[in-house]
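*Asks:* Supplied structure: my_file_13.tsv, TSV, C-alpha atoms.
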chain	number	residue	atom	x	y	z
A	1	MET	CA	23.42	-24.27	4.88
A	2	GLU	CA	23.10	-21.80	7.77
A	3	VAL	CA	23.60	-18.04	7.40
A	4	VAL	CA	23.71	-15.43	10.19
A	5	GLU	CA	22.40	-11.87	9.63
A	6	ASP	CA	21.78	-8.82	11.79
A	7	ILE	CA	18.50	-7.74	10.17
A	8	VAL	CA	16.27	-9.77	7.85
A	9	ILE	CA	13.26	-8.28	6.10
A	10	ILE	CA	10.78	-10.65	4.49
A	11	GLY	CA	9.18	-9.13	1.40
A	12	ALA	CA	10.62	-6.82	-1.28
A	13	GLY	CA	7.51	-4.70	-1.63
A	14	ILE	CA	7.01	-1.06	-0.74
A	15	ALA	CA	7.33	-1.50	3.03
A	16	GLY	CA	10.29	-3.88	2.82
A	17	LEU	CA	12.35	-1.81	0.38
A	18	THR	CA	11.57	1.48	2.15
A	19	THR	CA	12.71	-0.03	5.45
A	20	SER	CA	15.86	-1.49	3.91
A	21	SER	CA	16.67	1.82	2.16
A	22	GLY	CA	16.19	3.73	5.40
A	23	LEU	CA	18.45	1.34	7.28
A	24	HIS	CA	21.09	1.57	4.55
A	25	ARG	CA	20.97	5.35	4.70
A	26	LEU	CA	21.63	5.10	8.45
A	27	GLY	CA	24.55	2.72	7.99
A	28	LEU	CA	22.80	-0.58	8.80
A	29	ARG	CA	22.84	-3.54	6.43
A	30	SER	CA	19.78	-5.71	5.98
A	31	LEU	CA	18.94	-8.79	3.95
A	32	VAL	CA	15.61	-8.73	2.08
A	33	LEU	CA	14.04	-12.09	1.26
A	34	GLU	CA	11.63	-12.11	-1.69
A	35	SER	CA	9.71	-15.26	-2.65
A	36	SER	CA	9.31	-14.17	-6.29
A	37	ASP	CA	12.15	-14.32	-8.81
A	38	ARG	CA	11.84	-10.57	-9.52
A	39	LEU	CA	10.23	-7.41	-8.20
A	40	ARG	CA	6.46	-7.79	-8.01
A	41	THR	CA	4.50	-4.94	-9.59
A	42	THR	CA	0.90	-6.14	-9.27
A	43	GLY	CA	-1.51	-3.21	-9.34
A	44	PHE	CA	0.34	-1.13	-11.98
A	45	ALA	CA	0.21	2.21	-10.14
A	46	PHE	CA	-1.17	3.94	-7.06
A	47	THR	CA	-1.78	7.41	-5.66
A	48	MET	CA	1.07	8.84	-3.62
A	49	TRP	CA	-0.16	11.49	-1.21
A	50	THR	CA	1.86	14.12	0.63
A	51	ASN	CA	2.68	11.84	3.57
A	52	ALA	CA	4.30	9.29	1.24
A	53	TRP	CA	6.45	11.95	-0.43
A	54	LYS	CA	7.66	13.06	2.99
A	55	ALA	CA	8.70	9.46	3.67
A	56	LEU	CA	10.53	9.17	0.34
A	57	ASP	CA	12.24	12.53	0.94
A	58	ALA	CA	13.42	11.17	4.29
A	59	ILE	CA	15.29	8.35	2.53
A	60	GLY	CA	16.49	10.65	-0.25
A	61	VAL	CA	14.65	9.39	-3.34
A	62	GLY	CA	11.58	11.64	-3.56
A	63	ASP	CA	12.92	13.98	-6.24
A	64	ILE	CA	14.05	11.08	-8.46
A	65	LEU	CA	10.47	9.81	-8.60
A	66	ARG	CA	8.90	13.25	-8.93
A	67	GLN	CA	10.72	13.76	-12.23
A	68	LYS	CA	8.84	10.83	-13.75
A	69	HIS	CA	5.28	11.71	-12.64
A	70	ASN	CA	3.07	14.77	-12.99
A	71	GLN	CA	1.72	16.56	-9.95
A	72	LEU	CA	-2.07	16.45	-9.69
A	73	SER	CA	-3.87	19.74	-9.11
A	74	GLY	CA	-7.07	18.51	-7.49
A	75	ILE	CA	-9.83	15.95	-7.20
A	76	LEU	CA	-13.05	16.14	-9.24
A	77	THR	CA	-16.01	14.03	-8.10
A	78	THR	CA	-18.86	13.15	-10.49
A	79	SER	CA	-22.13	11.28	-10.05
A	80	VAL	CA	-22.58	8.42	-12.53
A	81	VAL	CA	-26.34	8.83	-12.08
A	82	SER	CA	-26.67	12.48	-13.13
A	83	GLY	CA	-23.35	12.88	-14.92
A	84	LEU	CA	-22.85	16.12	-12.98
A	85	SER	CA	-19.88	17.15	-10.89
A	86	THR	CA	-20.67	17.03	-7.16
A	87	SER	CA	-17.46	18.56	-5.79
A	88	GLU	CA	-14.02	19.78	-6.76
A	89	ILE	CA	-11.21	20.27	-4.26
A	90	SER	CA	-7.79	21.73	-4.97
A	91	PHE	CA	-4.61	19.95	-3.92
A	92	LYS	CA	-3.06	23.29	-3.06
A	93	ASP	CA	-0.25	22.81	-0.51
A	94	HIS	CA	-0.34	19.03	-1.17
A	95	ASP	CA	1.98	16.92	-3.30
A	96	VAL	CA	-0.18	14.25	-4.97
A	97	ARG	CA	0.88	12.14	-7.94
A	98	CYS	CA	-0.11	8.83	-9.49
A	99	VAL	CA	3.03	6.73	-9.43
A	100	ASN	CA	4.03	3.73	-11.49
A	101	ARG	CA	4.61	0.94	-8.96
A	102	LYS	CA	7.44	-0.62	-10.95
A	103	ALA	CA	9.27	2.71	-11.18
A	104	LEU	CA	9.04	3.17	-7.41
A	105	LEU	CA	10.30	-0.31	-6.57
A	106	GLU	CA	13.17	-0.07	-9.06
A	107	ILE	CA	14.30	3.25	-7.60
A	108	LEU	CA	14.24	1.79	-4.09
A	109	GLU	CA	16.11	-1.31	-5.26
A	110	ASN	CA	18.77	0.81	-6.96
A	111	GLU	CA	19.45	2.61	-3.67
A	112	LEU	CA	20.48	-0.66	-2.04
A	113	PRO	CA	23.88	-2.39	-2.24
A	114	ARG	CA	24.06	-5.29	-4.66
A	115	GLY	CA	23.00	-8.53	-2.99
A	116	THR	CA	20.64	-6.91	-0.48
A	117	ILE	CA	17.62	-8.60	-2.06
A	118	ARG	CA	17.67	-12.40	-2.21
A	119	TYR	CA	15.08	-13.49	-4.76
A	120	SER	CA	13.35	-16.89	-5.00
A	121	SER	CA	13.51	-17.15	-1.21
A	122	LYS	CA	10.23	-18.54	0.05
A	123	VAL	CA	9.89	-18.74	3.84
A	124	VAL	CA	8.40	-22.01	5.06
A	125	CYS	CA	9.04	-21.82	8.79
A	126	ILE	CA	10.07	-19.36	11.52
A	127	GLN	CA	11.46	-20.61	14.84
A	128	ASP	CA	12.89	-19.20	18.05
A	129	ALA	CA	16.63	-19.69	18.46
A	130	GLY	CA	17.71	-18.03	21.69
A	131	PHE	CA	18.46	-14.36	20.99
A	132	PHE	CA	17.92	-15.04	17.28
A	133	LYS	CA	15.08	-16.06	15.03
A	134	SER	CA	15.65	-18.97	12.67
A	135	ILE	CA	14.14	-18.63	9.18
A	136	HIS	CA	13.82	-21.79	7.07
A	137	LEU	CA	13.57	-21.36	3.30
A	138	SER	CA	12.09	-23.75	0.75
A	139	ASP	CA	15.53	-24.45	-0.75
A	140	GLY	CA	16.82	-25.78	2.59
A	141	THR	CA	18.70	-22.64	3.61
A	142	VAL	CA	18.41	-21.61	7.27
A	143	ILE	CA	19.01	-17.96	8.17
A	144	LYS	CA	19.51	-16.84	11.76
A	145	THR	CA	18.83	-13.18	12.43
A	146	LYS	CA	18.95	-10.76	15.35
A	147	VAL	CA	15.98	-8.80	13.95
A	148	LEU	CA	13.11	-10.16	11.84
A	149	ILE	CA	10.78	-7.74	10.05
A	150	GLY	CA	7.72	-9.03	8.23
A	151	CYS	CA	6.79	-6.95	5.18
A	152	ASP	CA	5.31	-9.96	3.43
A	153	GLY	CA	1.85	-8.64	2.59
A	154	VAL	CA	-1.68	-9.68	3.44
A	155	ASN	CA	-0.76	-13.37	3.60
A	156	SER	CA	2.13	-12.68	5.96
A	157	GLU	CA	3.94	-15.61	7.56
A	158	VAL	CA	5.42	-13.25	10.12
A	159	ALA	CA	1.99	-11.87	11.11
A	160	LYS	CA	0.85	-15.46	11.55
A	161	PHE	CA	3.92	-16.12	13.74
A	162	LEU	CA	2.96	-13.11	15.90
A	163	GLY	CA	-0.58	-14.43	16.35
A	164	PHE	CA	-2.55	-12.24	13.93
A	165	SER	CA	-5.51	-13.82	12.17
A	166	LYS	CA	-5.91	-13.77	8.40
A	167	PRO	CA	-7.28	-10.49	6.99
A	168	ALA	CA	-11.04	-10.54	6.43
A	169	PHE	CA	-12.85	-10.11	3.12
A	170	VAL	CA	-15.03	-6.99	3.03
A	171	GLY	CA	-17.46	-8.18	0.34
A	172	ARG	CA	-16.11	-5.79	-2.31
A	173	THR	CA	-13.80	-6.32	-5.26
A	174	ALA	CA	-11.36	-4.03	-7.09
A	175	ILE	CA	-10.41	-4.13	-10.75
A	176	ARG	CA	-7.34	-2.09	-11.67
A	177	GLY	CA	-6.01	-1.19	-15.09
A	178	PHE	CA	-3.31	0.76	-16.87
A	179	VAL	CA	-3.36	2.19	-20.39
A	180	ASP	CA	-0.79	4.03	-22.47
A	181	PHE	CA	-1.86	6.55	-25.13
A	182	LYS	CA	0.99	6.95	-27.64
A	183	ASP	CA	-0.24	10.34	-28.80
A	184	GLY	CA	-1.09	11.56	-25.29
A	185	HIS	CA	-4.27	11.13	-23.27
A	186	GLY	CA	-5.32	14.80	-23.12
A	187	PHE	CA	-6.53	14.72	-19.51
A	188	GLU	CA	-5.91	17.55	-17.09
A	189	PRO	CA	-3.63	16.63	-14.17
A	190	LYS	CA	-6.56	15.81	-11.88
A	191	PHE	CA	-7.83	12.83	-9.91
A	192	SER	CA	-11.27	12.15	-11.42
A	193	GLN	CA	-13.53	9.89	-9.35
A	194	PHE	CA	-17.07	8.68	-9.96
A	195	PHE	CA	-19.76	7.37	-7.58
A	196	GLY	CA	-23.22	5.88	-7.80
A	197	LYS	CA	-25.22	2.74	-8.58
A	198	GLY	CA	-23.12	0.71	-6.15
A	199	VAL	CA	-19.75	1.37	-7.81
A	200	ARG	CA	-16.81	3.69	-7.31
A	201	TYR	CA	-14.10	4.25	-9.89
A	202	GLY	CA	-11.36	6.69	-10.67
A	203	ILE	CA	-8.97	7.83	-13.40
A	204	LEU	CA	-5.53	9.26	-12.66
A	205	PRO	CA	-2.92	10.36	-15.22
A	206	CYS	CA	0.65	9.38	-14.31
A	207	ASP	CA	2.28	11.49	-17.02
A	208	GLU	CA	1.30	12.83	-20.45
A	209	HIS	CA	0.80	9.34	-21.92
A	210	SER	CA	-0.15	6.83	-19.23
A	211	VAL	CA	-3.37	6.59	-17.21
A	212	TYR	CA	-4.14	4.38	-14.22
A	213	TRP	CA	-7.70	3.47	-13.32
A	214	PHE	CA	-9.51	1.54	-10.59
A	215	PHE	CA	-13.05	0.23	-10.29
A	216	THR	CA	-14.59	-1.14	-7.07
A	217	TYR	CA	-17.93	-2.88	-6.68
A	218	SER	CA	-19.82	-5.39	-4.54
A	219	PRO	CA	-20.09	-8.59	-6.59
A	220	SER	CA	-23.34	-10.49	-6.89
A	221	SER	CA	-23.45	-14.26	-7.29
A	222	GLN	CA	-23.44	-13.72	-11.08
A	223	ASP	CA	-20.27	-11.58	-10.98
A	224	ARG	CA	-18.06	-13.71	-8.76
A	225	ASP	CA	-16.04	-15.46	-11.46
A	226	ILE	CA	-15.32	-12.58	-13.84
A	227	GLU	CA	-11.70	-12.31	-12.65
A	228	LYS	CA	-11.05	-15.55	-14.54
A	229	ASP	CA	-12.27	-14.07	-17.83
A	230	PRO	CA	-10.63	-10.74	-18.86
A	231	VAL	CA	-13.08	-10.22	-21.75
A	232	ARG	CA	-16.05	-10.56	-19.44
A	233	MET	CA	-14.32	-8.42	-16.83
A	234	LYS	CA	-13.83	-5.57	-19.27
A	235	GLN	CA	-17.41	-5.81	-20.53
A	236	PHE	CA	-18.65	-5.73	-16.94
A	237	VAL	CA	-16.73	-2.53	-16.15
A	238	LEU	CA	-17.91	-0.82	-19.35
A	239	SER	CA	-21.52	-1.71	-18.54
A	240	LYS	CA	-21.28	-0.06	-15.10
A	241	LEU	CA	-19.68	3.29	-16.01
A	242	GLY	CA	-23.00	5.13	-16.05
A	243	ASN	CA	-23.62	8.65	-17.35
A	244	VAL	CA	-20.09	9.80	-18.20
A	245	SER	CA	-18.36	11.26	-21.27
A	246	ASP	CA	-17.00	9.25	-24.18
A	247	LYS	CA	-13.50	10.42	-23.24
A	248	ILE	CA	-13.82	8.69	-19.88
A	249	LYS	CA	-15.23	5.55	-21.48
A	250	ALA	CA	-12.32	5.50	-23.95
A	251	VAL	CA	-9.85	4.92	-21.12
A	252	PHE	CA	-11.52	1.62	-20.27
A	253	GLU	CA	-12.16	0.69	-23.90
A	254	ASN	CA	-8.48	1.16	-24.77
A	255	THR	CA	-7.18	-0.92	-21.87
A	256	ASP	CA	-5.49	-4.11	-23.02
A	257	LEU	CA	-6.87	-7.33	-21.53
A	258	ASN	CA	-3.40	-8.09	-20.11
A	259	SER	CA	-3.31	-4.71	-18.37
A	260	MET	CA	-6.11	-5.43	-15.91
A	261	VAL	CA	-6.08	-7.23	-12.58
A	262	CYS	CA	-8.98	-8.18	-10.30
A	263	SER	CA	-8.82	-8.95	-6.59
A	264	PRO	CA	-11.24	-9.12	-3.64
A	265	LEU	CA	-10.65	-6.46	-1.00
A	266	ARG	CA	-9.46	-7.45	2.45
A	267	PHE	CA	-8.69	-5.66	5.69
A	268	ARG	CA	-7.48	-6.43	9.18
A	269	HIS	CA	-10.07	-6.02	11.89
A	270	PRO	CA	-8.91	-2.78	13.51
A	271	TRP	CA	-9.22	-4.06	17.07
A	272	GLU	CA	-6.44	-6.56	16.29
A	273	LEU	CA	-4.02	-3.63	16.08
A	274	LEU	CA	-5.08	-2.50	19.54
A	275	TRP	CA	-4.48	-5.76	21.38
A	276	GLY	CA	-2.38	-7.76	18.91
A	277	ASN	CA	1.41	-8.16	18.87
A	278	ILE	CA	2.70	-5.67	16.31
A	279	SER	CA	6.07	-6.56	17.77
A	280	LYS	CA	7.22	-9.32	20.05
A	281	ASP	CA	10.80	-9.65	21.24
A	282	ASN	CA	12.95	-9.22	18.10
A	283	VAL	CA	10.14	-9.58	15.54
A	284	CYS	CA	7.67	-7.08	14.06
A	285	VAL	CA	5.44	-6.52	11.03
A	286	ALA	CA	4.93	-3.49	8.77
A	287	GLY	CA	3.00	-2.48	5.66
A	288	ASP	CA	0.19	-4.78	4.51
A	289	ALA	CA	1.43	-7.45	6.90
A	290	LEU	CA	0.44	-5.09	9.71
A	291	HIS	CA	-2.49	-2.98	8.49
A	292	PRO	CA	-4.12	-4.27	5.28
A	293	MET	CA	-6.96	-1.86	4.49
A	294	THR	CA	-9.46	-1.07	1.77
A	295	PRO	CA	-8.14	1.31	-0.93
A	296	ASP	CA	-10.71	4.04	-0.33
A	297	LEU	CA	-8.23	6.51	1.22
A	298	GLY	CA	-5.37	5.53	-1.07
A	299	GLN	CA	-3.19	5.06	2.01
A	300	GLY	CA	-2.10	1.41	1.85
A	301	GLY	CA	1.21	1.98	0.07
A	302	CYS	CA	1.66	5.46	1.55
A	303	SER	CA	1.38	4.25	5.14
A	304	ALA	CA	3.76	1.38	4.31
A	305	MET	CA	6.40	4.01	3.47
A	306	GLU	CA	5.70	5.75	6.78
A	307	ASP	CA	6.25	2.39	8.52
A	308	GLY	CA	9.59	1.95	6.76
A	309	VAL	CA	10.97	5.33	7.83
A	310	VAL	CA	9.81	4.99	11.45
A	311	LEU	CA	11.11	1.43	11.69
A	312	ALA	CA	14.53	2.30	10.25
A	313	ARG	CA	14.82	5.26	12.62
A	314	VAL	CA	13.98	3.39	15.84
A	315	LEU	CA	16.13	0.39	14.92
A	316	ALA	CA	19.12	2.59	14.16
A	317	GLU	CA	18.70	4.28	17.54
A	318	GLY	CA	18.55	0.90	19.25
A	319	LEU	CA	21.52	-0.64	17.44
A	320	ARG	CA	23.77	2.39	17.27
A	321	GLU	CA	25.99	1.32	20.16
A	322	LYS	CA	27.79	-1.99	19.73
A	323	GLN	CA	29.07	-3.90	22.74
A	324	GLU	CA	31.30	-6.94	22.66
A	325	ASN	CA	29.90	-10.16	24.12
A	326	ALA	CA	26.63	-8.51	25.09
A	327	GLU	CA	23.99	-10.46	23.17
A	328	GLU	CA	21.37	-10.10	25.88
A	329	ILE	CA	21.85	-6.33	26.12
A	330	GLU	CA	21.55	-5.97	22.34
A	331	TYR	CA	18.50	-8.23	22.33
A	332	GLN	CA	16.80	-6.00	24.90
A	333	ARG	CA	17.64	-2.86	22.89
A	334	ILE	CA	16.12	-4.45	19.79
A	335	LYS	CA	13.03	-5.44	21.75
A	336	THR	CA	12.66	-1.88	23.08
A	337	ALA	CA	13.15	-0.35	19.61
A	338	LEU	CA	10.52	-2.56	18.00
A	339	GLY	CA	8.16	-1.88	20.90
A	340	LYS	CA	8.61	1.84	20.24
A	341	PHE	CA	7.73	1.28	16.58
A	342	ALA	CA	4.59	-0.66	17.56
A	343	LYS	CA	3.48	2.08	19.95
A	344	GLU	CA	4.04	4.80	17.36
A	345	ARG	CA	2.23	3.00	14.53
A	346	ARG	CA	-0.62	1.27	16.38
A	347	TRP	CA	-3.11	4.16	16.39
A	348	ARG	CA	-2.13	5.41	12.95
A	349	GLY	CA	-2.90	1.97	11.48
A	350	PHE	CA	-6.13	1.70	13.49
A	351	ASP	CA	-7.28	5.12	12.26
A	352	LEU	CA	-6.53	4.42	8.59
A	353	ILE	CA	-8.22	1.00	8.59
A	354	CYS	CA	-11.39	2.36	10.22
A	355	THR	CA	-11.59	5.51	8.10
A	356	SER	CA	-10.92	3.65	4.84
A	357	TYR	CA	-13.68	1.17	5.59
A	358	MET	CA	-16.15	3.95	6.52
A	359	VAL	CA	-15.35	6.02	3.43
A	360	GLY	CA	-15.70	2.97	1.18
A	361	TYR	CA	-19.06	2.11	2.71
A	362	ILE	CA	-20.40	5.63	2.09
A	363	GLN	CA	-18.96	5.89	-1.41
A	364	GLN	CA	-20.44	2.62	-2.66
A	365	SER	CA	-23.78	2.55	-0.84
A	366	GLU	CA	-26.88	2.59	-3.01
A	367	GLY	CA	-30.31	4.14	-2.57
A	368	ILE	CA	-31.99	7.48	-3.19
A	369	VAL	CA	-31.22	8.86	0.28
A	370	MET	CA	-27.56	7.82	0.26
A	371	ASN	CA	-27.06	9.14	-3.29
A	372	PHE	CA	-28.50	12.50	-2.22
A	373	LEU	CA	-26.37	12.68	0.93
A	374	ARG	CA	-23.18	11.64	-0.88
A	375	ASP	CA	-23.65	13.93	-3.88
A	376	ASN	CA	-24.92	17.00	-2.03
A	377	ILE	CA	-23.66	16.91	1.55
A	378	LEU	CA	-20.85	14.38	2.00
A	379	ALA	CA	-18.85	14.83	-1.22
A	380	LYS	CA	-16.59	17.59	0.05
A	381	PHE	CA	-16.29	15.92	3.46
A	382	LEU	CA	-15.07	12.69	1.85
A	383	ALA	CA	-12.54	14.47	-0.36
A	384	GLY	CA	-11.40	16.55	2.59
A	385	THR	CA	-10.88	13.37	4.61
A	386	LEU	CA	-8.41	12.13	2.00
A	387	LEU	CA	-6.31	15.28	2.38
A	388	LYS	CA	-6.52	15.28	6.17
A	389	LYS	CA	-5.17	11.74	6.46
A	390	ALA	CA	-2.47	12.59	3.88
A	391	SER	CA	-1.11	15.44	6.03
A	392	PHE	CA	0.65	13.06	8.41
A	393	ASP	CA	4.41	13.46	8.79
A	394	CYS	CA	6.43	10.38	9.77
A	395	GLY	CA	9.50	12.50	10.49
A	396	LYS	CA	13.11	12.33	9.40
A	397	LEU	CA	15.56	9.47	9.69
As structure tokens, how would this structure be written, given the file I've shared?

*Replies:*
Amino acid sequence: MEVVEDIVIIGAGIAGLTTSSGLHRLGLRSLVLESSDRLRTTGFAFTMWTNAWKALDAIGVGDILRQKHNQLSGILTTSVVSGLSTSEISFKDHDVRCVNRKALLEILENELPRGTIRYSSKVVCIQDAGFFKSIHLSDGTVIKTKVLIGCDGVNSEVAKFLGFSKPAFVGRTAIRGFVDFKDGHGFEPKFSQFFGKGVRYGILPCDEHSVYWFFTYSPSSQDRDIEKDPVRMKQFVLSKLGNVSDKIKAVFENTDLNSMVCSPLRFRHPWELLWGNISKDNVCVAGDALHPMTPDLGQGGCSAMEDGVVLARVLAEGLREKQENAEEIEYQRIKTALGKFAKERRWRGFDLICTSYMVGYIQQSEGIVMNFLRDNILAKFLAGTLLKKASFDCGKL
């Protein structure tokens, strides 16, 4: 069976659904192909900084999500060696919240017309077909499209089609967890993060009852298989918390074994964004398919939303005028629009990848000298860097 579409987006994650919602808001229909049989919510939650809220406001759903999540007032950094606070920075003039990933994706899905997302649609092959791209699915369906957008994550088939190499492992691993306290968790609305002894972890309340946490470390040969054993994983995290209060330890102790996930961290070599094909003809990539990065700035999902707004805007500008029997003219307009997106997002992605990697290196480095520098000199600089990168404005639709 062969189907013809104007715009096909591969991947119903944050980038894909933001792009589709933006296009819908501008009067353009898209088809979103998702390989899973439902929305994927791996990771539980993530920090949404000011730049992400600007993107969601642009597509009209920011206030819906704000109602479900508490605004955070600041970031408190503590040394796990001394147990003392090393810096505290206010989020004044910034909108920062820890957002449930499932809630975000469901809100984005609900903004789309029924049938926009086609689940259980695994892409096996992409081919050129004149002014179209031909997408072959595992069930035998072939979809021809005028525009192909890859939002299919770090293992992107579309990025591979454009010539990008696989993202590289950085030698660090992240464990993420989510816990619900029926009687309330009692934490202030702050982002609490902890450094030292080769680990970095953080605790963020989403609302009065739920708390999201992350824990990053550089695995030794003895630690490499703990992701296969949740009991061992939890014991490992608890053993590395350092000199912190019992209230902090209780978050990890109360986390259910099924509410943790472990994954090695990957990133795209930043120079690939400078000379690689972010777009080519009528194809482009966005989100983690374009700029997978370490989580140390908390900008992976946020920048994916920026991508979606920018991409929807430039495509709408390019496809606004319809001409009969003018496939080549339309093809050139699409090519120009996607090229504009690539130019606008190339340096932003490069900057975030580089800065995230640098911040992660500083935060997790060990040694007396590095601990002193991080706890006494660099702490405020690192926290300030988070806010600086979160001040970006992707613009309106």

*Asks:* Just want the 10 Å neighbourhood of Phe187 (chain A), counted on all atoms listed in the file, with same-chain residues fewer than 2 positions away dropped. Output as a PDB file with C-alpha atoms, in the coordinates of the input.

*Replies:*
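Result file is selection-v6.pdb:
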ATOM      1  CA  GLY A 184      -1.090  11.560 -25.290  1.00  0.00           C
ATOM      2  CA  HIS A 185      -4.270  11.130 -23.270  1.00  0.00           C
ATOM      3  CA  PRO A 189      -3.630  16.630 -14.170  1.00  0.00           C
ATOM      4  CA  LYS A 190      -6.560  15.810 -11.880  1.00  0.00           C
ATOM      5  CA  PHE A 191      -7.830  12.830  -9.910  1.00  0.00           C
ATOM      6  CA  SER A 192     -11.270  12.150 -11.420  1.00  0.00           C
ATOM      7  CA  ILE A 203      -8.970   7.830 -13.400  1.00  0.00           C
ATOM      8  CA  LEU A 204      -5.530   9.260 -12.660  1.00  0.00           C
ATOM      9  CA  PRO A 205      -2.920  10.360 -15.220  1.00  0.00           C
ATOM     10  CA  ASP A 207       2.280  11.490 -17.020  1.00  0.00           C
ATOM     11  CA  GLU A 208       1.300  12.830 -20.450  1.00  0.00           C
ATOM     12  CA  HIS A 209       0.800   9.340 -21.920  1.00  0.00           C
ATOM     13  CA  VAL A 211      -3.370   6.590 -17.210  1.00  0.00           C
ATOM     14  CA  LYS A 247     -13.500  10.420 -23.240  1.00  0.00           C
ATOM     15  CA  ILE A 248     -13.820   8.690 -19.880  1.00  0.00           C
TER      16      ILE A 248
END

*Asks:* Got a sec: who's within 12 Å of region 104-106 of chain A, counting all atoms listed in the file, leaving out chain neighbours fewer than 3 positions off, as a ChimeraX atom specification?

*Replies:* /A:11-18,20-21,38-42,44-48,52-53,56,61-69,98-101,109-112,117,301-302,305

*Asks:* I need the residues from that last selection saved to file as a tab-separated table (two decimals), in the coordinates of the input (with C-alpha atoms), if you can.

*Replies:*
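So the final result, stored in selection_2.tsv, reads:
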chain	number	residue	atom	x	y	z
A	11	GLY	CA	9.18	-9.13	1.40
A	12	ALA	CA	10.62	-6.82	-1.28
A	13	GLY	CA	7.51	-4.70	-1.63
A	14	ILE	CA	7.01	-1.06	-0.74
A	15	ALA	CA	7.33	-1.50	3.03
A	16	GLY	CA	10.29	-3.88	2.82
A	17	LEU	CA	12.35	-1.81	0.38
A	18	THR	CA	11.57	1.48	2.15
A	20	SER	CA	15.86	-1.49	3.91
A	21	SER	CA	16.67	1.82	2.16
A	38	ARG	CA	11.84	-10.57	-9.52
A	39	LEU	CA	10.23	-7.41	-8.20
A	40	ARG	CA	6.46	-7.79	-8.01
A	41	THR	CA	4.50	-4.94	-9.59
A	42	THR	CA	0.90	-6.14	-9.27
A	44	PHE	CA	0.34	-1.13	-11.98
A	45	ALA	CA	0.21	2.21	-10.14
A	46	PHE	CA	-1.17	3.94	-7.06
A	47	THR	CA	-1.78	7.41	-5.66
A	48	MET	CA	1.07	8.84	-3.62
A	52	ALA	CA	4.30	9.29	1.24
A	53	TRP	CA	6.45	11.95	-0.43
A	56	LEU	CA	10.53	9.17	0.34
A	61	VAL	CA	14.65	9.39	-3.34
A	62	GLY	CA	11.58	11.64	-3.56
A	63	ASP	CA	12.92	13.98	-6.24
A	64	ILE	CA	14.05	11.08	-8.46
A	65	LEU	CA	10.47	9.81	-8.60
A	66	ARG	CA	8.90	13.25	-8.93
A	67	GLN	CA	10.72	13.76	-12.23
A	68	LYS	CA	8.84	10.83	-13.75
A	69	HIS	CA	5.28	11.71	-12.64
A	98	CYS	CA	-0.11	8.83	-9.49
A	99	VAL	CA	3.03	6.73	-9.43
A	100	ASN	CA	4.03	3.73	-11.49
A	101	ARG	CA	4.61	0.94	-8.96
A	109	GLU	CA	16.11	-1.31	-5.26
A	110	ASN	CA	18.77	0.81	-6.96
A	111	GLU	CA	19.45	2.61	-3.67
A	112	LEU	CA	20.48	-0.66	-2.04
A	117	ILE	CA	17.62	-8.60	-2.06
A	301	GLY	CA	1.21	1.98	0.07
A	302	CYS	CA	1.66	5.46	1.55
A	305	MET	CA	6.40	4.01	3.47

*Asks:* If you measure from CA of Glu327 (chain A) to CA of Ala129 (chain A), what distance in Å do you get, rounded to one decimal?

*Replies:*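 About the pair CA of Glu327 (chain A) and CA of Ala129 (chain A): they are 12.7 Å apart.
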
*Asks:* A:Leu241, A:Val314, A:Ile89, A:Ile334: which is nearest Thr385 (chain A), counting only C-alpha atoms?

*Replies:* A:Ile89

*Asks:* Can you pull out the residues contacting Lys166 (chain A)? Cut-off 12 Å, using only C-alpha atoms, and skip same-chain residues under 5 positions away; I want them as a list in words.

*Replies:* Gly153, Val154, Asn155, Ser156, Glu157, Val158, Ala159, Lys160, Phe161, Arg266, Phe267, Arg268, His269, Glu272, Asp288, Ala289, Leu290, His291 and Pro292 of chain A

*Asks:* Using only C-alpha atoms, find the one residue out of A:Asp152, A:Asp6, A:Asp37, A:Glu330 that sits nearest to Ser120 (chain A).

*Replies:*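 Using only C-alpha atoms, Ser120 (chain A) sits closest to A:Asp37.
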
*Asks:* Taking into account only C-alpha atoms, which residue in the set A:Val170, A:Leu397, A:Leu72, A:Ile107 is nearest to Met358 (chain A)?

*Replies:* A:Val170

*Asks:* Would you mind telling me which residue in A:Ser245, A:Gln364, A:Ser138, A:Gln127 lies nearest to Ser82 (chain A) when using only C-alpha atoms?

*Replies:* A:Ser245

*Asks:* For a test of reading the model, state the distance in Å between CA of Ile226 (chain A) and CA of Leu84 (chain A), rounded to one decimal.

*Replies:*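 Atom-to-atom, CA of Ile226 (chain A) to CA of Leu84 (chain A), that is 29.7 Å.
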
*Asks:* Taking all atoms listed in the file into account, name the residue in A:Thr77, A:Thr141, A:Ser210, A:Gln222 that is nearest to Phe236 (chain A).

*Replies:* A:Gln222

*Asks:* Counting all atoms listed in the file, which residue out of A:Ala342, A:Cys394, A:Asn277, A:Phe131 sits closest to Ile329 (chain A)?

*Replies:*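 Checking each of A:Ala342, A:Cys394, A:Asn277, A:Phe131 against Ile329 (chain A), counting all atoms listed in the file, the winner is A:Phe131.
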
*Asks:* Give me, please, the distance in Å between CA of Leu311 (chain A) and CA of Val359 (chain A), quoted to one decimal.

*Replies:*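 Interatomic distance, CA of Leu311 (chain A) to CA of Val359 (chain A): 28.1 Å.
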
*Asks:* With a distance cut-off of 7 Å and only C-alpha atoms, select the neighbouring residues of Asn51 (chain A), excluding the residue or stretch itself and same-chain residues fewer than 5 positions from it, and output the selection as number ranges by chain.

*Replies:* A: 302, 390-393

*Asks:* Which residues are near Lys144 (chain A)? Cut-off 10 Å, all atoms listed in the file, ignore same chain within fewer than 6 positions. Put them as a ChimeraX atom specification.

*Replies:* /A:2-8,126-129,131-136
